[in-house]
Structures are given as C-alpha cells and as structure tokens.
Amino acid sequence: MKRTVVRYQIKADCVDENNRLLKDVFKELEAKGLDGVHYVTLQCGDGWYTHFTTVDNDGVNPITTLDSFKAYVAGVRDRCAAPPHQANDVTIVGNYRMIAG
C-alpha cells in the first residue's frame, strides 16, 4: 500500500477555483469507481490544504491519470501562496475509523 500526503497554501483569490477543480476530481473518481483508491482533501480556514491518498498497489496512482486531476495540477502552482510539499510513504501513527487498512 502506498500513502501520500501533499500540503500547500492557496492564494485567497484562488480558493473558489481550487475548490471547483478539486470537486471535479472527486466527481470523476465517483463516476469511475476506482477500486483500491482512498482520497481525502482537507481545507483549513487559512488557505492551507492537505491531501491524503492511499493506493492499495505500489504502482502508478490512478488518480494522477484522471483528466480532471490533470486539469487541477496544470495550474496549481499559480494558485499557490506556498508551494506543495509532498511526503510519500507516510506512516499512520493513530487512526480511529478514518482510514481503512
């Protein structure tokens, strides 16, 4: 299983666009019903976002192949006030009914 966390801050005037693009990703995920993929995005009031993804296999994360995700990442750096920081292979220290596995 591969786990990935990405954290970044969005400019205040880009929050609506960022959220619209993210909602498109989740709509496409629901429509395609990808098995073995778990994904949550959290938005904090100060413009910071945290994405947490788990993928049951160690291959390519299927989320990155979605057209909506490609559209999302195409301009994400322009929307950022603080650039994305990625940590792969994170370890879950505590988990109460949040994440399967």
# chains A, B, ... in the order shown; residues from 1 in each chain; ligands from 1

$ residues_around --residues "stretch 72-77 of chain A" --least-positions-apart "3" --cutoff "7 Å" --atoms "only C-alpha atoms" --output "CSV table (one decimal) with C-alpha atoms, in the first residue's frame"
chain,number,residue,atom,x,y,z
A,21,LEU,CA,-11.2,21.9,-9.7
A,22,LEU,CA,-11.0,19.6,-6.7
A,68,SER,CA,-9.9,16.2,-14.0
A,69,PHE,CA,-6.7,15.7,-11.9
A,80,CYS,CA,-0.4,28.6,-4.5
A,83,PRO,CA,4.2,25.6,-2.9

$ select_by_dssp --residues "chain A" --states "helix (DSSP H, G or I)" --output "ChimeraX atom specification"
/A:12-32,62-65,67-74,76-79

$ write_last_selection --atoms "N, CA and C atoms" --output "short mmCIF file (atom, residue, chain, number, x, y, z; two decimals), in the first residue's frame"
data_model
loop_
_atom_site.label_atom_id
_atom_site.label_comp_id
_atom_site.auth_asym_id
_atom_site.auth_seq_id
_atom_site.Cartn_x
_atom_site.Cartn_y
_atom_site.Cartn_z
N ALA A 12 -5.71 33.58 -1.48
CA ALA A 12 -7.10 33.85 -1.10
C ALA A 12 -8.01 34.03 -2.31
N ASP A 13 -7.51 34.66 -3.35
CA ASP A 13 -8.36 34.91 -4.52
C ASP A 13 -8.47 33.70 -5.44
N CYS A 14 -7.85 32.59 -5.09
CA CYS A 14 -7.88 31.37 -5.91
C CYS A 14 -8.60 30.21 -5.24
N VAL A 15 -9.10 30.43 -4.04
CA VAL A 15 -9.73 29.35 -3.28
C VAL A 15 -10.93 28.77 -4.02
N ASP A 16 -11.81 29.62 -4.54
CA ASP A 16 -13.00 29.12 -5.24
C ASP A 16 -12.63 28.28 -6.45
N GLU A 17 -11.67 28.75 -7.23
CA GLU A 17 -11.23 27.99 -8.41
C GLU A 17 -10.61 26.65 -7.99
N ASN A 18 -9.79 26.70 -6.95
CA ASN A 18 -9.14 25.48 -6.47
C ASN A 18 -10.19 24.46 -6.03
N ASN A 19 -11.19 24.92 -5.28
CA ASN A 19 -12.24 24.02 -4.80
C ASN A 19 -13.07 23.46 -5.96
N ARG A 20 -13.36 24.27 -6.95
CA ARG A 20 -14.12 23.81 -8.12
C ARG A 20 -13.36 22.70 -8.83
N LEU A 21 -12.06 22.91 -9.04
CA LEU A 21 -11.24 21.90 -9.71
C LEU A 21 -11.15 20.62 -8.89
N LEU A 22 -11.01 20.76 -7.58
CA LEU A 22 -10.97 19.57 -6.71
C LEU A 22 -12.29 18.81 -6.74
N LYS A 23 -13.40 19.52 -6.73
CA LYS A 23 -14.70 18.86 -6.79
C LYS A 23 -14.85 18.08 -8.09
N ASP A 24 -14.28 18.60 -9.18
CA ASP A 24 -14.29 17.87 -10.45
C ASP A 24 -13.52 16.56 -10.34
N VAL A 25 -12.41 16.58 -9.60
CA VAL A 25 -11.63 15.35 -9.39
C VAL A 25 -12.48 14.32 -8.64
N PHE A 26 -13.14 14.75 -7.58
CA PHE A 26 -13.94 13.82 -6.79
C PHE A 26 -15.15 13.31 -7.58
N LYS A 27 -15.74 14.16 -8.43
CA LYS A 27 -16.84 13.70 -9.29
C LYS A 27 -16.36 12.62 -10.25
N GLU A 28 -15.19 12.82 -10.85
CA GLU A 28 -14.67 11.82 -11.78
C GLU A 28 -14.32 10.53 -11.04
N LEU A 29 -13.77 10.65 -9.84
CA LEU A 29 -13.48 9.45 -9.04
C LEU A 29 -14.76 8.66 -8.77
N GLU A 30 -15.81 9.36 -8.37
CA GLU A 30 -17.10 8.70 -8.12
C GLU A 30 -17.63 8.04 -9.38
N ALA A 31 -17.53 8.73 -10.51
CA ALA A 31 -18.05 8.20 -11.77
C ALA A 31 -17.29 6.95 -12.22
N LYS A 32 -15.99 6.95 -12.01
CA LYS A 32 -15.16 5.82 -12.46
C LYS A 32 -15.11 4.70 -11.44
N PRO A 62 -3.70 5.84 -9.68
CA PRO A 62 -4.66 6.07 -10.76
C PRO A 62 -5.31 7.45 -10.74
N ILE A 63 -5.27 8.13 -9.60
CA ILE A 63 -5.82 9.48 -9.55
C ILE A 63 -5.08 10.39 -10.51
N THR A 64 -3.77 10.19 -10.62
CA THR A 64 -2.96 11.06 -11.48
C THR A 64 -3.27 10.88 -12.96
N THR A 65 -3.99 9.83 -13.32
CA THR A 65 -4.33 9.59 -14.73
C THR A 65 -5.67 10.22 -15.12
N ASP A 67 -8.46 12.88 -16.12
CA ASP A 67 -8.43 14.17 -16.85
C ASP A 67 -8.66 15.34 -15.89
N SER A 68 -9.57 15.17 -14.95
CA SER A 68 -9.87 16.25 -14.00
C SER A 68 -8.66 16.54 -13.11
N PHE A 69 -7.90 15.51 -12.73
CA PHE A 69 -6.72 15.72 -11.90
C PHE A 69 -5.63 16.43 -12.70
N LYS A 70 -5.49 16.05 -13.96
CA LYS A 70 -4.52 16.74 -14.83
C LYS A 70 -4.87 18.21 -14.97
N ALA A 71 -6.17 18.52 -15.09
CA ALA A 71 -6.61 19.92 -15.17
C ALA A 71 -6.32 20.64 -13.85
N TYR A 72 -6.51 19.94 -12.74
CA TYR A 72 -6.25 20.52 -11.42
C TYR A 72 -4.78 20.89 -11.24
N VAL A 73 -3.89 19.96 -11.55
CA VAL A 73 -2.47 20.21 -11.31
C VAL A 73 -1.84 21.13 -12.35
N ALA A 74 -2.50 21.31 -13.49
CA ALA A 74 -1.94 22.14 -14.55
C ALA A 74 -1.64 23.57 -14.07
N VAL A 76 -1.87 24.54 -10.56
CA VAL A 76 -1.86 24.61 -9.10
C VAL A 76 -0.75 25.52 -8.58
N ARG A 77 0.39 25.51 -9.19
CA ARG A 77 1.49 26.36 -8.68
C ARG A 77 1.16 27.85 -8.81
N ASP A 78 0.40 28.22 -9.83
CA ASP A 78 -0.02 29.61 -9.99
C ASP A 78 -1.03 30.01 -8.92
N ARG A 79 -1.79 29.04 -8.41
CA ARG A 79 -2.79 29.32 -7.38
C ARG A 79 -2.19 29.31 -5.98
#

$ closest_residue --among "A:Val90, A:Leu66, A:Val6, A:Val60" --to "A:Trp48" --atoms "only C-alpha atoms"
A:Val6

$ select_by_dssp --residues "stretch 15-84 of chain A" --states "strand (DSSP E or B)" --output "VMD selection string"
chain A and resid 37 to 43 48 to 55 80 to 84

$ atom_distance --atom1 "atom CA of A:Ala82" --atom2 "atom CA of A:Lys11"
8.3 Å

$ atom_distance --atom1 "atom CA of A:Met1" --atom2 "atom CA of A:Thr54"
6.8 Å

$ decode --residues "stretch 24-73 of chain A" --atoms "N, CA and C atoms" --output "compact mmCIF listing (two decimals), in the first residue's frame"
# COMPACT_ATOMS: atom_id res chain seq x y z
N ASP A 24 -14.28 18.60 -9.18
CA ASP A 24 -14.29 17.87 -10.45
C ASP A 24 -13.52 16.56 -10.34
N VAL A 25 -12.41 16.58 -9.60
CA VAL A 25 -11.63 15.35 -9.39
C VAL A 25 -12.48 14.32 -8.64
N PHE A 26 -13.14 14.75 -7.58
CA PHE A 26 -13.94 13.82 -6.79
C PHE A 26 -15.15 13.31 -7.58
N LYS A 27 -15.74 14.16 -8.43
CA LYS A 27 -16.84 13.70 -9.29
C LYS A 27 -16.36 12.62 -10.25
N GLU A 28 -15.19 12.82 -10.85
CA GLU A 28 -14.67 11.82 -11.78
C GLU A 28 -14.32 10.53 -11.04
N LEU A 29 -13.77 10.65 -9.84
CA LEU A 29 -13.48 9.45 -9.04
C LEU A 29 -14.76 8.66 -8.77
N GLU A 30 -15.81 9.36 -8.37
CA GLU A 30 -17.10 8.70 -8.12
C GLU A 30 -17.63 8.04 -9.38
N ALA A 31 -17.53 8.73 -10.51
CA ALA A 31 -18.05 8.20 -11.77
C ALA A 31 -17.29 6.95 -12.22
N LYS A 32 -15.99 6.95 -12.01
CA LYS A 32 -15.16 5.82 -12.46
C LYS A 32 -15.11 4.70 -11.44
N GLY A 33 -15.39 5.00 -10.17
CA GLY A 33 -15.41 3.98 -9.13
C GLY A 33 -14.11 3.19 -9.02
N LEU A 34 -13.00 3.90 -8.92
CA LEU A 34 -11.70 3.25 -8.86
C LEU A 34 -11.55 2.43 -7.58
N ASP A 35 -11.27 1.15 -7.75
CA ASP A 35 -11.06 0.27 -6.60
C ASP A 35 -9.66 0.45 -6.05
N GLY A 36 -9.51 0.28 -4.74
CA GLY A 36 -8.20 0.32 -4.11
C GLY A 36 -7.63 1.72 -3.96
N VAL A 37 -8.47 2.74 -4.13
CA VAL A 37 -8.03 4.12 -4.02
C VAL A 37 -8.86 4.80 -2.93
N HIS A 38 -8.17 5.49 -2.03
CA HIS A 38 -8.82 6.24 -0.95
C HIS A 38 -8.20 7.63 -0.95
N TYR A 39 -9.05 8.66 -0.93
CA TYR A 39 -8.54 10.02 -1.13
C TYR A 39 -9.40 11.00 -0.34
N VAL A 40 -8.76 11.84 0.41
CA VAL A 40 -9.46 12.91 1.13
C VAL A 40 -8.65 14.19 0.98
N THR A 41 -9.37 15.30 0.84
CA THR A 41 -8.74 16.62 0.80
C THR A 41 -9.36 17.47 1.90
N LEU A 42 -8.51 18.09 2.69
CA LEU A 42 -8.95 18.96 3.79
C LEU A 42 -8.55 20.39 3.49
N GLN A 43 -9.46 21.32 3.74
CA GLN A 43 -9.18 22.74 3.58
C GLN A 43 -9.26 23.41 4.95
N CYS A 44 -8.20 24.09 5.33
CA CYS A 44 -8.19 24.86 6.58
C CYS A 44 -8.59 26.29 6.28
N GLY A 45 -9.06 26.99 7.29
CA GLY A 45 -9.53 28.35 7.13
C GLY A 45 -8.48 29.34 6.68
N ASP A 46 -7.21 29.01 6.86
CA ASP A 46 -6.14 29.92 6.48
C ASP A 46 -5.61 29.67 5.06
N GLY A 47 -6.35 28.86 4.28
CA GLY A 47 -5.96 28.61 2.90
C GLY A 47 -5.04 27.41 2.70
N TRP A 48 -4.70 26.72 3.78
CA TRP A 48 -3.87 25.52 3.67
C TRP A 48 -4.74 24.33 3.32
N TYR A 49 -4.24 23.51 2.43
CA TYR A 49 -4.90 22.27 2.00
C TYR A 49 -3.99 21.10 2.31
N THR A 50 -4.62 19.99 2.68
CA THR A 50 -3.89 18.74 2.87
C THR A 50 -4.63 17.65 2.12
N HIS A 51 -3.91 16.94 1.28
CA HIS A 51 -4.46 15.79 0.54
C HIS A 51 -3.82 14.54 1.12
N PHE A 52 -4.65 13.54 1.37
CA PHE A 52 -4.14 12.26 1.83
C PHE A 52 -4.71 11.18 0.93
N THR A 53 -3.82 10.40 0.35
CA THR A 53 -4.21 9.35 -0.59
C THR A 53 -3.59 8.03 -0.17
N THR A 54 -4.37 6.97 -0.24
CA THR A 54 -3.82 5.63 -0.13
C THR A 54 -4.22 4.86 -1.39
N VAL A 55 -3.28 4.09 -1.87
CA VAL A 55 -3.50 3.25 -3.04
C VAL A 55 -3.06 1.85 -2.66
N ASP A 56 -3.92 0.88 -2.90
CA ASP A 56 -3.66 -0.49 -2.46
C ASP A 56 -2.47 -1.13 -3.15
N ASN A 57 -2.11 -0.68 -4.35
CA ASN A 57 -0.94 -1.26 -5.02
C ASN A 57 0.21 -0.27 -4.98
N ASP A 58 1.37 -0.72 -5.34
CA ASP A 58 2.55 0.15 -5.32
C ASP A 58 2.86 0.74 -6.70
N GLY A 59 1.94 0.57 -7.64
CA GLY A 59 2.14 1.09 -8.99
C GLY A 59 1.78 2.56 -9.09
N VAL A 60 1.42 2.97 -10.26
CA VAL A 60 1.03 4.35 -10.53
C VAL A 60 -0.27 4.66 -9.81
N ASN A 61 -0.33 5.80 -9.17
CA ASN A 61 -1.55 6.25 -8.52
C ASN A 61 -2.57 6.57 -9.61
N PRO A 62 -3.70 5.84 -9.68
CA PRO A 62 -4.66 6.07 -10.76
C PRO A 62 -5.31 7.45 -10.74
N ILE A 63 -5.27 8.13 -9.60
CA ILE A 63 -5.82 9.48 -9.55
C ILE A 63 -5.08 10.39 -10.51
N THR A 64 -3.77 10.19 -10.62
CA THR A 64 -2.96 11.06 -11.48
C THR A 64 -3.27 10.88 -12.96
N THR A 65 -3.99 9.83 -13.32
CA THR A 65 -4.33 9.59 -14.73
C THR A 65 -5.67 10.22 -15.12
N LEU A 66 -6.43 10.71 -14.15
CA LEU A 66 -7.73 11.30 -14.43
C LEU A 66 -7.59 12.64 -15.15
N ASP A 67 -8.46 12.88 -16.12
CA ASP A 67 -8.43 14.17 -16.85
C ASP A 67 -8.66 15.34 -15.89
N SER A 68 -9.57 15.17 -14.95
CA SER A 68 -9.87 16.25 -14.00
C SER A 68 -8.66 16.54 -13.11
N PHE A 69 -7.90 15.51 -12.73
CA PHE A 69 -6.72 15.72 -11.90
C PHE A 69 -5.63 16.43 -12.70
N LYS A 70 -5.49 16.05 -13.96
CA LYS A 70 -4.52 16.74 -14.83
C LYS A 70 -4.87 18.21 -14.97
N ALA A 71 -6.17 18.52 -15.09
CA ALA A 71 -6.61 19.92 -15.17
C ALA A 71 -6.32 20.64 -13.85
N TYR A 72 -6.51 19.94 -12.74
CA TYR A 72 -6.25 20.52 -11.42
C TYR A 72 -4.78 20.89 -11.24
N VAL A 73 -3.89 19.96 -11.55
CA VAL A 73 -2.47 20.21 -11.31
C VAL A 73 -1.84 21.13 -12.35
